[in-house]
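A quick write-up on the structure given underneath.
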Amino acid sequence: MNWRNETVFVTGATGFIGGRVCERMMQAGVPQIKVRALVHGMHRAARIARMPVELCPGDLLDRASLRQALGEAKVVIHCGLGPASSIVRGTENLLAVAHAGGVKRFIHVSTAAIYGITPPPGSESEDAPLRRTGDPYCDNKAAAEKVVLNYGKRGLPVVILRPSIVWGPYSAWSTRLIDDLRAWRVAFIESGHGACNTTYVDNLIDAMVLGLEDDRALNQAFFITDGERVSWGDFIRAHMALLEAPPEVREISRAEIEAGRGRSSGLLLGSMKATARVARSKEFRQMLMQIPLTEAAMKKAWTWISSLPPEKRERLRAHLGVRRAAAKSANAKFIPDAVTEATQSTTVFFSIEKARKMLGYEPRIRFADGMKLVEQWLRYAAYL
Amino acid sequence: MTEPVRLAILGCGAITRSEHIPAVSAHPGVHLVALVDTDLPRANALIQNRGLSCKAVTDYREVLGEVDAVINALPNHLHVSTNMDCLRAGVHVLCEKPLAITAAGARSCTEFADEKKLVLGVGMNRRFAASHPLLKLVIEEDLLGSIQDYDFQYGGAFDWRSASGFYFDRAKAGGGALLDFGVHMLDSVIDWFGPVSAFDYQDDDWGSGIEANLFLDVKHAGQFGDIRGHLRLSRTFELKNRMLVRGSAASAEISVHDPEVVVIHRALGGAPVSETLRLEKFPGGSSYCRQLDNFVQSIANRGKPEVDGWQAVRVLELIESCYAHKRRIAEPWAEIGAETGTKSGTTMGTTTGTATVTANSETRT
């Protein structure tokens, strides 16, 4: 379709992907393309407020507000999310309003994570069967796709894109990684061999444009990545190279992670006896004064213990009666959290052949070039 | 004892809730007569929640006959007309910043206040933080040696929960980060170092007039000679959030998050050391309390408030010049041509609508 004379409605516009969509729309030609941006929290709109986009207050969970925000727009790019539990309802509300409003194209930004945080082998292509993963984000995004396809059957022209690790300027993948590297909270899980499936944000937006233009995209879902076999090790190393004083990032196996977690819970949670001793200990009481007592207190307690100088750790261990060898090796390495471990453990590189063949999609930002742009942005954004 | 100043607060938005009401409630010389807001339930709820004994009205003109002064905390574009109405009724005004969205507007109400011999104070609360006079003393007493330059950065994810959301509406806000928070920074540096004689300004406005980021290099020609300053302001990125004045002997730093002290950095036997300076016998309360007290004293003495309309006019004239001569901040990560991305040959992301930076790096005078 010729979407360039239409008004485009963008959800998630105050976020990383939606914000870039607004920028690219501006570059594609104002005033021919009018952009209406759904804004849930006006205070988060500083990035897009600098462009002549229409800031439309509204909430994906409130259909009346969506009707008003959509206005006469005939193209919808749905990057909005909200909490995992309301992904389906929010998407359905938007689909209903778009359908009633005679929308001519609905681009649904889904995710390759519908196959799980650790997609299993066999999920390389779009026709791989979906099964419940147990993760609320993954399962709800998968359910949202079904709702989108149902509206497709009812006549709403829908296109589904499944990017993976969407990165680029403004992405938390880079800013969080920089923060974590500075805090020595990064490890190469299984030598960093996990598939990263990077999707540079502008490559994703190129795919959106193809989805708008090519009718063969209708009612189809496409994996969208950079099409390069970038590993998590590559991704981490590329960011380490940006730091003046990069930390030592050590390798850790999944078995070690498992064992490390077992020991930490064994120390603080597993043994009632030990826990009682911890609670009585002077060190623990002093520690309580230093950290907020939340549900994360136990996790923080472990972090705190890990951060102590060796001699103090030794004294505490003796006091608690914890086996020395276990605690020593647990302290020796940073143990990634469960989500990070799961994210970086997939061996699956998603295939973009379908998007290539049907839409002519070709990722034009290569990983190395993307990193250069990210570096420039990180410097501008005062991260480096 | 003099009679208390009878006062109304216009606008019940974020700043009134967080600062003006506590300041007014704490001041023994002020009697709060009314809260004014077009959203009457909002004003009434505020009166109830804070246990106030004033009334709520929707139109400030209803109460002008009952008050000596107002605090004007309405959205920016309403400041001038409201100030004029109040002054015309013989009412003193403490106006939130910016005094106006244009220098001409600021000038008109300042001239009118002078003519009516009324107090028109401008809400520059940072002047009332202890670090402001303290840094002046540090410079005057030559603690830093000859001053080389300064670097003033303020930035973080914008999180101002404005009740009306006018901040992102050009017609109502008048501008972006420069007009919003830049007025504080410029007011401070002009008070410390004298008038700005030259500047070079860049921002990231893509056509809405609501910039989120800016770089402003200035040159002051004041009593300390030519001093260069670099200001950076962001509504999107966490910056260093401090003012650092570099001198030949030492540097002085004011943290935005702790504006009551000045930290001096210097070398002692080659080792870097720092010391924290604090003004003793400085009045307590928030900077808004001290600002209100200065306003009340000015009314009692018919004197000039710490920050009057003329200072605001100077700052707004500079801001208008910045906007008039602005260059676009280069964002190479955003300037991606899309030639290979779409097979139809049509492109998204060409430079249409993204004014290429025409580098005129000359400092403007």
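Lettering and numbering for the structure tokens are positional, with chains as A, B, ... in the shown order, residues counted from 1 in each chain, and ligands counted from 1 in the shown order.
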
List the spatial neighbours of Glu190 (chain A) as JSON, numbers by chain - criterion: any atom at most 7 Å away, only C-alpha atoms, same-chain residues fewer than 3 positions off excluded. {"A": [193, 251, 252, 253, 254]}

What are the closest atom pairs, with distances in Å to one decimal, for each residue of chain A lying within 6 Å of chain B, using only C-alpha atoms, rows by chain and rising residue number, as CSV?
residue,atom,partner,partner_atom,distance
A:Arg24,CA,B:Gly349,CA,5.4
A:Gln27,CA,B:Gly349,CA,4.8
A:Ala28,CA,B:Met348,CA,4.4
A:Gly29,CA,B:Thr352,CA,5.8
A:His43,CA,B:Asp159,CA,5.2
A:Ala46,CA,B:Ala212,CA,5.9
A:Ala49,CA,B:Phe168,CA,5.9
A:Arg50,CA,B:Ile210,CA,4.7
A:Met51,CA,B:Trp206,CA,4.7
A:Pro52,CA,B:Ser208,CA,4.6
A:Asp206,CA,B:Gly341,CA,5.5
A:Leu373,CA,B:Trp333,CA,5.0
A:Ala381,CA,B:Phe237,CA,5.6

Quick one: write out the picked residues with C-alpha atoms as an mmCIF file, in the first residue's frame?
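Saved as out.cif:
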data_model
loop_
_atom_site.group_PDB
_atom_site.id
_atom_site.type_symbol
_atom_site.label_atom_id
_atom_site.label_comp_id
_atom_site.auth_asym_id
_atom_site.auth_seq_id
_atom_site.Cartn_x
_atom_site.Cartn_y
_atom_site.Cartn_z
ATOM 1 C CA ARG A 24 12.395 7.714 11.032
ATOM 2 C CA GLN A 27 12.937 11.749 8.227
ATOM 3 C CA ALA A 28 10.692 10.042 5.715
ATOM 4 C CA GLY A 29 9.018 13.332 5.040
ATOM 5 C CA HIS A 43 6.640 12.990 31.458
ATOM 6 C CA ALA A 46 10.965 14.316 26.083
ATOM 7 C CA ALA A 49 8.412 15.948 22.018
ATOM 8 C CA ARG A 50 11.305 17.537 20.096
ATOM 9 C CA MET A 51 9.659 16.403 16.850
ATOM 10 C CA PRO A 52 6.456 17.700 15.307
ATOM 11 C CA ASP A 206 13.260 -1.100 7.479
ATOM 12 C CA LEU A 373 26.776 4.247 15.955
ATOM 13 C CA ALA A 381 24.439 10.325 26.167
#

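Using only C-alpha atoms for every distance, the candidate list A:Val158, A:Val8, A:Ile48, A:Met42 yields A:Val8 as the residue closest to Gly71 (chain A).
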
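The shell of residues at most 12 Å from Arg176 (chain A), with only C-alpha atoms counted and near chain neighbours (fewer than 2 positions) removed, consists of Trp167, Tyr170, Ser171, Ala172, Trp173, Ser174, Ile178, Asp179, Asp180, Leu181, Arg182, Ala183, Arg185, Val186, Ile236, His239, Thr340, Leu378 and Tyr383 of chain A.
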
Skipping near chain neighbours, those fewer than 2 positions away, what residues fall within 8 Å of region 44-60 of chain B using only C-alpha atoms, listed as a ChimeraX atom specification? /B:10,12,17,32-42,62-64

Could you pull out the strand (DSSP E or B) residues of region 48-258 of chain B from DSSP and send them as a PDB file with N, CA and C atoms, in the first residue's frame?
ATOM      1  N   LYS B  55      -9.857  29.569  50.753  1.00  0.00           N
ATOM      2  CA  LYS B  55     -10.912  29.125  49.838  1.00  0.00           C
ATOM      3  C   LYS B  55     -10.313  28.738  48.484  1.00  0.00           C
ATOM      4  N   ALA B  56     -11.158  28.105  47.669  1.00  0.00           N
ATOM      5  CA  ALA B  56     -10.732  27.718  46.322  1.00  0.00           C
ATOM      6  C   ALA B  56     -11.612  28.441  45.314  1.00  0.00           C
ATOM      7  N   VAL B  57     -11.003  29.038  44.306  1.00  0.00           N
ATOM      8  CA  VAL B  57     -11.775  29.690  43.251  1.00  0.00           C
ATOM      9  C   VAL B  57     -11.174  29.328  41.891  1.00  0.00           C
ATOM     10  N   ALA B  69      -0.917  40.156  47.510  1.00  0.00           N
ATOM     11  CA  ALA B  69       0.100  39.563  46.639  1.00  0.00           C
ATOM     12  C   ALA B  69      -0.377  38.214  46.109  1.00  0.00           C
ATOM     13  N   VAL B  70       0.236  37.799  44.997  1.00  0.00           N
ATOM     14  CA  VAL B  70      -0.033  36.449  44.481  1.00  0.00           C
ATOM     15  C   VAL B  70       1.300  35.763  44.174  1.00  0.00           C
ATOM     16  N   ILE B  71       1.250  34.423  44.226  1.00  0.00           N
ATOM     17  CA  ILE B  71       2.308  33.625  43.613  1.00  0.00           C
ATOM     18  C   ILE B  71       1.708  33.091  42.324  1.00  0.00           C
ATOM     19  N   ASN B  72       2.332  33.416  41.197  1.00  0.00           N
ATOM     20  CA  ASN B  72       1.792  33.005  39.911  1.00  0.00           C
ATOM     21  C   ASN B  72       2.500  31.726  39.448  1.00  0.00           C
ATOM     22  N   HIS B  92       1.001  42.768  44.381  1.00  0.00           N
ATOM     23  CA  HIS B  92       2.393  42.373  44.133  1.00  0.00           C
ATOM     24  C   HIS B  92       2.427  40.939  43.593  1.00  0.00           C
ATOM     25  N   VAL B  93       3.457  40.638  42.797  1.00  0.00           N
ATOM     26  CA  VAL B  93       3.508  39.320  42.149  1.00  0.00           C
ATOM     27  C   VAL B  93       4.873  38.653  42.356  1.00  0.00           C
ATOM     28  N   LEU B  94       4.825  37.400  42.792  1.00  0.00           N
ATOM     29  CA  LEU B  94       6.001  36.529  42.723  1.00  0.00           C
ATOM     30  C   LEU B  94       5.676  35.519  41.630  1.00  0.00           C
ATOM     31  N   CYS B  95       6.339  35.645  40.484  1.00  0.00           N
ATOM     32  CA  CYS B  95       5.979  34.829  39.325  1.00  0.00           C
ATOM     33  C   CYS B  95       6.968  33.680  39.159  1.00  0.00           C
ATOM     34  N   GLU B  96       6.430  32.491  38.950  1.00  0.00           N
ATOM     35  CA  GLU B  96       7.302  31.343  38.671  1.00  0.00           C
ATOM     36  C   GLU B  96       8.084  31.599  37.385  1.00  0.00           C
ATOM     37  N   LEU B 120       7.626  42.921  41.671  1.00  0.00           N
ATOM     38  CA  LEU B 120       7.488  41.790  40.747  1.00  0.00           C
ATOM     39  C   LEU B 120       8.737  40.931  40.926  1.00  0.00           C
ATOM     40  N   GLY B 121       8.579  39.853  41.690  1.00  0.00           N
ATOM     41  CA  GLY B 121       9.705  38.943  41.914  1.00  0.00           C
ATOM     42  C   GLY B 121       9.611  37.772  40.951  1.00  0.00           C
ATOM     43  N   VAL B 122      10.757  37.207  40.602  1.00  0.00           N
ATOM     44  CA  VAL B 122      10.769  36.068  39.681  1.00  0.00           C
ATOM     45  C   VAL B 122      11.300  34.838  40.419  1.00  0.00           C
ATOM     46  N   GLY B 123      10.609  33.726  40.247  1.00  0.00           N
ATOM     47  CA  GLY B 123      10.925  32.500  40.992  1.00  0.00           C
ATOM     48  C   GLY B 123      12.228  31.861  40.564  1.00  0.00           C
ATOM     49  N   ILE B 147      40.368  32.720  37.324  1.00  0.00           N
ATOM     50  CA  ILE B 147      39.358  31.764  36.844  1.00  0.00           C
ATOM     51  C   ILE B 147      39.589  31.449  35.380  1.00  0.00           C
ATOM     52  N   GLN B 148      39.622  30.134  35.080  1.00  0.00           N
ATOM     53  CA  GLN B 148      39.853  29.716  33.694  1.00  0.00           C
ATOM     54  C   GLN B 148      38.528  29.554  32.947  1.00  0.00           C
ATOM     55  N   ASP B 149      37.675  28.705  33.451  1.00  0.00           N
ATOM     56  CA  ASP B 149      36.375  28.516  32.808  1.00  0.00           C
ATOM     57  C   ASP B 149      35.465  27.776  33.776  1.00  0.00           C
ATOM     58  N   TYR B 150      34.257  27.506  33.313  1.00  0.00           N
ATOM     59  CA  TYR B 150      33.372  26.670  34.131  1.00  0.00           C
ATOM     60  C   TYR B 150      32.623  25.689  33.244  1.00  0.00           C
ATOM     61  N   ASP B 151      32.149  24.626  33.873  1.00  0.00           N
ATOM     62  CA  ASP B 151      31.384  23.587  33.182  1.00  0.00           C
ATOM     63  C   ASP B 151      30.148  23.310  34.028  1.00  0.00           C
ATOM     64  N   PHE B 152      28.988  23.551  33.456  1.00  0.00           N
ATOM     65  CA  PHE B 152      27.735  23.462  34.209  1.00  0.00           C
ATOM     66  C   PHE B 152      26.849  22.452  33.481  1.00  0.00           C
ATOM     67  N   GLN B 153      26.566  21.334  34.131  1.00  0.00           N
ATOM     68  CA  GLN B 153      25.768  20.279  33.488  1.00  0.00           C
ATOM     69  C   GLN B 153      24.567  19.929  34.349  1.00  0.00           C
ATOM     70  N   TYR B 154      23.445  19.823  33.702  1.00  0.00           N
ATOM     71  CA  TYR B 154      22.260  19.374  34.425  1.00  0.00           C
ATOM     72  C   TYR B 154      21.459  18.480  33.490  1.00  0.00           C
ATOM     73  N   GLY B 155      21.200  17.268  33.926  1.00  0.00           N
ATOM     74  CA  GLY B 155      20.433  16.394  33.046  1.00  0.00           C
ATOM     75  C   GLY B 155      20.011  15.107  33.707  1.00  0.00           C
ATOM     76  N   VAL B 196      26.599  38.100  29.463  1.00  0.00           N
ATOM     77  CA  VAL B 196      27.157  37.246  28.411  1.00  0.00           C
ATOM     78  C   VAL B 196      27.444  38.109  27.183  1.00  0.00           C
ATOM     79  N   SER B 197      28.690  38.053  26.725  1.00  0.00           N
ATOM     80  CA  SER B 197      29.058  38.900  25.595  1.00  0.00           C
ATOM     81  C   SER B 197      29.096  38.120  24.282  1.00  0.00           C
ATOM     82  N   ALA B 198      29.174  36.796  24.350  1.00  0.00           N
ATOM     83  CA  ALA B 198      29.205  35.989  23.124  1.00  0.00           C
ATOM     84  C   ALA B 198      28.717  34.588  23.463  1.00  0.00           C
ATOM     85  N   PHE B 199      28.139  33.919  22.471  1.00  0.00           N
ATOM     86  CA  PHE B 199      27.675  32.558  22.743  1.00  0.00           C
ATOM     87  C   PHE B 199      27.660  31.717  21.481  1.00  0.00           C
ATOM     88  N   ASP B 200      27.609  30.412  21.686  1.00  0.00           N
ATOM     89  CA  ASP B 200      27.426  29.468  20.589  1.00  0.00           C
ATOM     90  C   ASP B 200      26.448  28.411  21.089  1.00  0.00           C
ATOM     91  N   TYR B 201      25.336  28.229  20.386  1.00  0.00           N
ATOM     92  CA  TYR B 201      24.244  27.405  20.910  1.00  0.00           C
ATOM     93  C   TYR B 201      23.832  26.312  19.931  1.00  0.00           C
ATOM     94  N   GLN B 202      23.683  25.102  20.462  1.00  0.00           N
ATOM     95  CA  GLN B 202      23.188  23.972  19.658  1.00  0.00           C
ATOM     96  C   GLN B 202      22.110  23.238  20.447  1.00  0.00           C
ATOM     97  N   ASP B 203      21.072  22.791  19.759  1.00  0.00           N
ATOM     98  CA  ASP B 203      20.118  21.921  20.447  1.00  0.00           C
ATOM     99  C   ASP B 203      19.597  20.828  19.516  1.00  0.00           C
ATOM    100  N   ASN B 213      17.779  18.435  24.502  1.00  0.00           N
ATOM    101  CA  ASN B 213      19.208  18.532  24.818  1.00  0.00           C
ATOM    102  C   ASN B 213      19.776  19.810  24.230  1.00  0.00           C
ATOM    103  N   LEU B 214      20.731  20.389  24.935  1.00  0.00           N
ATOM    104  CA  LEU B 214      21.380  21.578  24.394  1.00  0.00           C
ATOM    105  C   LEU B 214      22.804  21.711  24.912  1.00  0.00           C
ATOM    106  N   PHE B 215      23.614  22.340  24.078  1.00  0.00           N
ATOM    107  CA  PHE B 215      24.968  22.750  24.456  1.00  0.00           C
ATOM    108  C   PHE B 215      25.032  24.266  24.264  1.00  0.00           C
ATOM    109  N   LEU B 216      25.508  24.956  25.278  1.00  0.00           N
ATOM    110  CA  LEU B 216      25.627  26.408  25.170  1.00  0.00           C
ATOM    111  C   LEU B 216      26.994  26.827  25.701  1.00  0.00           C
ATOM    112  N   ASP B 217      27.814  27.365  24.803  1.00  0.00           N
ATOM    113  CA  ASP B 217      29.107  27.921  25.217  1.00  0.00           C
ATOM    114  C   ASP B 217      28.954  29.433  25.291  1.00  0.00           C
ATOM    115  N   VAL B 218      29.419  29.998  26.374  1.00  0.00           N
ATOM    116  CA  VAL B 218      29.255  31.446  26.541  1.00  0.00           C
ATOM    117  C   VAL B 218      30.576  32.102  26.929  1.00  0.00           C
ATOM    118  N   LYS B 219      30.591  33.412  26.729  1.00  0.00           N
ATOM    119  CA  LYS B 219      31.717  34.209  27.229  1.00  0.00           C
ATOM    120  C   LYS B 219      31.122  35.349  28.047  1.00  0.00           C
ATOM    121  N   HIS B 220      31.601  35.476  29.281  1.00  0.00           N
ATOM    122  CA  HIS B 220      31.115  36.569  30.127  1.00  0.00           C
ATOM    123  C   HIS B 220      32.120  37.705  30.096  1.00  0.00           C
ATOM    124  N   ALA B 221      31.600  38.916  30.151  1.00  0.00           N
ATOM    125  CA  ALA B 221      32.484  40.075  30.297  1.00  0.00           C
ATOM    126  C   ALA B 221      32.045  40.783  31.576  1.00  0.00           C
ATOM    127  N   GLY B 222      32.574  40.351  32.678  1.00  0.00           N
ATOM    128  CA  GLY B 222      32.164  40.916  33.962  1.00  0.00           C
ATOM    129  C   GLY B 222      33.349  41.400  34.754  1.00  0.00           C
ATOM    130  N   GLY B 225      36.761  39.687  34.448  1.00  0.00           N
ATOM    131  CA  GLY B 225      37.351  39.604  33.116  1.00  0.00           C
ATOM    132  C   GLY B 225      36.582  38.633  32.231  1.00  0.00           C
ATOM    133  N   ASP B 226      37.190  38.246  31.136  1.00  0.00           N
ATOM    134  CA  ASP B 226      36.533  37.326  30.205  1.00  0.00           C
ATOM    135  C   ASP B 226      36.566  35.914  30.773  1.00  0.00           C
ATOM    136  N   ILE B 227      35.394  35.359  30.973  1.00  0.00           N
ATOM    137  CA  ILE B 227      35.323  33.988  31.482  1.00  0.00           C
ATOM    138  C   ILE B 227      34.483  33.169  30.518  1.00  0.00           C
ATOM    139  N   ARG B 228      35.025  32.016  30.158  1.00  0.00           N
ATOM    140  CA  ARG B 228      34.279  31.132  29.263  1.00  0.00           C
ATOM    141  C   ARG B 228      33.529  30.079  30.069  1.00  0.00           C
ATOM    142  N   GLY B 229      32.348  29.758  29.613  1.00  0.00           N
ATOM    143  CA  GLY B 229      31.554  28.749  30.305  1.00  0.00           C
ATOM    144  C   GLY B 229      30.930  27.783  29.322  1.00  0.00           C
ATOM    145  N   HIS B 230      30.775  26.545  29.773  1.00  0.00           N
ATOM    146  CA  HIS B 230      30.136  25.519  28.946  1.00  0.00           C
ATOM    147  C   HIS B 230      28.927  25.020  29.717  1.00  0.00           C
ATOM    148  N   LEU B 231      27.763  25.149  29.103  1.00  0.00           N
ATOM    149  CA  LEU B 231      26.553  24.658  29.761  1.00  0.00           C
ATOM    150  C   LEU B 231      25.979  23.518  28.933  1.00  0.00           C
ATOM    151  N   ARG B 232      25.546  22.486  29.611  1.00  0.00           N
ATOM    152  CA  ARG B 232      24.878  21.383  28.915  1.00  0.00           C
ATOM    153  C   ARG B 232      23.635  21.012  29.719  1.00  0.00           C
ATOM    154  N   LEU B 233      22.560  20.799  29.006  1.00  0.00           N
ATOM    155  CA  LEU B 233      21.289  20.520  29.662  1.00  0.00           C
ATOM    156  C   LEU B 233      20.602  19.390  28.905  1.00  0.00           C
ATOM    157  N   SER B 234      20.032  18.443  29.636  1.00  0.00           N
ATOM    158  CA  SER B 234      19.376  17.311  28.978  1.00  0.00           C
ATOM    159  C   SER B 234      18.132  16.880  29.729  1.00  0.00           C
ATOM    160  N   ARG B 242      26.297  19.122  37.968  1.00  0.00           N
ATOM    161  CA  ARG B 242      27.085  19.965  38.843  1.00  0.00           C
ATOM    162  C   ARG B 242      27.620  21.174  38.082  1.00  0.00           C
ATOM    163  N   MET B 243      27.974  22.175  38.876  1.00  0.00           N
ATOM    164  CA  MET B 243      28.643  23.356  38.351  1.00  0.00           C
ATOM    165  C   MET B 243      30.083  23.260  38.828  1.00  0.00           C
ATOM    166  N   LEU B 244      31.031  23.345  37.892  1.00  0.00           N
ATOM    167  CA  LEU B 244      32.440  23.263  38.269  1.00  0.00           C
ATOM    168  C   LEU B 244      33.147  24.497  37.717  1.00  0.00           C
ATOM    169  N   VAL B 245      33.693  25.300  38.625  1.00  0.00           N
ATOM    170  CA  VAL B 245      34.444  26.486  38.214  1.00  0.00           C
ATOM    171  C   VAL B 245      35.917  26.174  38.367  1.00  0.00           C
ATOM    172  N   ARG B 246      36.667  26.272  37.272  1.00  0.00           N
ATOM    173  CA  ARG B 246      38.092  25.922  37.318  1.00  0.00           C
ATOM    174  C   ARG B 246      38.952  27.176  37.401  1.00  0.00           C
ATOM    175  N   GLY B 247      39.784  27.213  38.433  1.00  0.00           N
ATOM    176  CA  GLY B 247      40.697  28.338  38.590  1.00  0.00           C
ATOM    177  C   GLY B 247      42.131  27.856  38.550  1.00  0.00           C
ATOM    178  N   SER B 251      39.532  24.415  42.146  1.00  0.00           N
ATOM    179  CA  SER B 251      38.228  24.387  41.485  1.00  0.00           C
ATOM    180  C   SER B 251      37.142  24.408  42.545  1.00  0.00           C
ATOM    181  N   ALA B 252      36.004  24.961  42.180  1.00  0.00           N
ATOM    182  CA  ALA B 252      34.860  24.971  43.103  1.00  0.00           C
ATOM    183  C   ALA B 252      33.712  24.231  42.455  1.00  0.00           C
ATOM    184  N   GLU B 253      33.057  23.380  43.228  1.00  0.00           N
ATOM    185  CA  GLU B 253      31.986  22.567  42.665  1.00  0.00           C
ATOM    186  C   GLU B 253      30.709  22.716  43.485  1.00  0.00           C
ATOM    187  N   ILE B 254      29.595  22.875  42.756  1.00  0.00           N
ATOM    188  CA  ILE B 254      28.277  22.846  43.405  1.00  0.00           C
ATOM    189  C   ILE B 254      27.518  21.682  42.796  1.00  0.00           C
ATOM    190  N   SER B 255      27.075  20.770  43.642  1.00  0.00           N
ATOM    191  CA  SER B 255      26.262  19.667  43.143  1.00  0.00           C
ATOM    192  C   SER B 255      24.812  20.123  43.081  1.00  0.00           C
ATOM    193  N   ASP B 258      22.975  18.862  46.024  1.00  0.00           N
ATOM    194  CA  ASP B 258      23.251  19.388  47.358  1.00  0.00           C
ATOM    195  C   ASP B 258      23.651  20.853  47.230  1.00  0.00           C
TER     196      ASP B 258
END

Check the DSSP output for the backbone and give back, as an NGL selection string, the residues of region 165-287 of chain B in helix (DSSP H, G or I). :B and (166-168 or 170-173 or 177-193 or 287)

Expressed in Å, the length from CA of Gly13 (chain B) to CA of Glu66 (chain B) is 22.4 Å

So that I can check the surroundings of region 62-69 of chain A, please list as a ChimeraX atom specification every protein, DNA and RNA residue that reaches within 12 Å of it, counting only C-alpha atoms and ignoring chain neighbours fewer than 2 positions away. /A:7-11,35-40,54-60,71-73,76,86,89-103

For the residues in the current selection, export C-alpha atoms as a PDB file, in the first residue's frame.
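Written file, out-v5.pdb:
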ATOM      1  CA  THR A   7      -1.341   9.465   9.152  1.00  0.00           C
ATOM      2  CA  VAL A   8       0.682   6.941  11.147  1.00  0.00           C
ATOM      3  CA  PHE A   9      -0.242   6.035  14.692  1.00  0.00           C
ATOM      4  CA  VAL A  10       2.633   4.741  16.839  1.00  0.00           C
ATOM      5  CA  THR A  11       2.205   3.006  20.187  1.00  0.00           C
ATOM      6  CA  VAL A  35       2.574  10.986  13.084  1.00  0.00           C
ATOM      7  CA  ARG A  36       0.343  10.511  16.067  1.00  0.00           C
ATOM      8  CA  ALA A  37       2.101   9.077  19.092  1.00  0.00           C
ATOM      9  CA  LEU A  38       0.261   7.308  21.864  1.00  0.00           C
ATOM     10  CA  VAL A  39       1.661   8.643  25.134  1.00  0.00           C
ATOM     11  CA  HIS A  40       0.832   6.936  28.390  1.00  0.00           C
ATOM     12  CA  GLU A  54       1.100  14.758  17.757  1.00  0.00           C
ATOM     13  CA  LEU A  55       1.380  13.614  21.374  1.00  0.00           C
ATOM     14  CA  CYS A  56      -1.864  11.764  22.062  1.00  0.00           C
ATOM     15  CA  PRO A  57      -2.505  10.887  25.688  1.00  0.00           C
ATOM     16  CA  GLY A  58      -4.031   7.444  26.094  1.00  0.00           C
ATOM     17  CA  ASP A  59      -3.769   3.979  27.519  1.00  0.00           C
ATOM     18  CA  LEU A  60      -3.813   0.629  25.717  1.00  0.00           C
ATOM     19  CA  GLY A  71      -8.057   9.768  15.235  1.00  0.00           C
ATOM     20  CA  GLU A  72      -8.069   9.465  11.470  1.00  0.00           C
ATOM     21  CA  ALA A  73      -4.817   7.511  11.279  1.00  0.00           C
ATOM     22  CA  VAL A  76      -0.770   1.591  13.036  1.00  0.00           C
ATOM     23  CA  SER A  86      -1.960  -6.846  30.017  1.00  0.00           C
ATOM     24  CA  ARG A  89      -5.746  -7.078  26.407  1.00  0.00           C
ATOM     25  CA  GLY A  90      -3.890  -3.958  25.281  1.00  0.00           C
ATOM     26  CA  THR A  91      -3.217  -5.415  21.844  1.00  0.00           C
ATOM     27  CA  GLU A  92      -6.803  -6.581  21.483  1.00  0.00           C
ATOM     28  CA  ASN A  93      -8.115  -3.141  22.430  1.00  0.00           C
ATOM     29  CA  LEU A  94      -5.922  -1.536  19.821  1.00  0.00           C
ATOM     30  CA  LEU A  95      -6.907  -4.085  17.163  1.00  0.00           C
ATOM     31  CA  ALA A  96     -10.600  -3.523  17.871  1.00  0.00           C
ATOM     32  CA  VAL A  97     -10.258   0.249  17.648  1.00  0.00           C
ATOM     33  CA  ALA A  98      -8.115  -0.018  14.502  1.00  0.00           C
ATOM     34  CA  HIS A  99     -10.571  -2.407  12.850  1.00  0.00           C
ATOM     35  CA  ALA A 100     -13.519  -0.162  13.651  1.00  0.00           C
ATOM     36  CA  GLY A 101     -11.557   2.866  12.450  1.00  0.00           C
ATOM     37  CA  GLY A 102     -10.856   1.363   9.017  1.00  0.00           C
ATOM     38  CA  VAL A 103      -7.103   1.062   9.506  1.00  0.00           C
TER      39      VAL A 103
END

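Taking CA of Arg6 (chain B) as the reference point, CA of His31 (chain B) is found at 4.8 Å.
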
Pick out the residues sitting within 9 Å of Ala104 (chain B), and hand them over as a ChimeraX atom specification; count only C-alpha atoms, and ignore anything fewer than 6 positions along from it in its own chain. /B:313,316-317

Include C-alpha atoms and write out the residues we just selected as a PDB file, in the first residue's frame.
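Dumped everything to part-v3.pdb:
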ATOM      1  CA  VAL B 313      14.418  40.153  30.803  1.00  0.00           C
ATOM      2  CA  LEU B 316      15.114  35.811  28.198  1.00  0.00           C
ATOM      3  CA  GLU B 317      16.813  38.097  25.679  1.00  0.00           C
TER       4      GLU B 317
END

Hey, what's within 6 Å of region 141-148 of chain A if we count only C-alpha atoms and toss same-chain stuff fewer than 3 positions away? As a VMD selection string, please? chain A and resid 88 114 138 151

Store the residues of this selection in a file with N, CA and C atoms, as a tab-separated table (two decimals), in the first residue's frame.
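Contents of result28.tsv, freshly written:
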chain	number	residue	atom	x	y	z
A	88	VAL	N	-1.93	-8.86	26.11
A	88	VAL	CA	-2.98	-9.37	25.22
A	88	VAL	C	-4.16	-8.40	25.18
A	114	ILE	N	8.66	-15.37	21.69
A	114	ILE	CA	7.47	-16.22	21.84
A	114	ILE	C	7.89	-17.69	21.92
A	138	CYS	N	6.79	-14.03	27.42
A	138	CYS	CA	6.83	-14.86	26.20
A	138	CYS	C	5.44	-15.38	25.85
A	151	TYR	N	-7.76	-11.04	13.94
A	151	TYR	CA	-8.23	-9.80	13.32
A	151	TYR	C	-7.86	-9.76	11.84

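Across the model, the gap from CA of Arg162 (chain A) to CA of Glu228 (chain A) is 15.9 Å.
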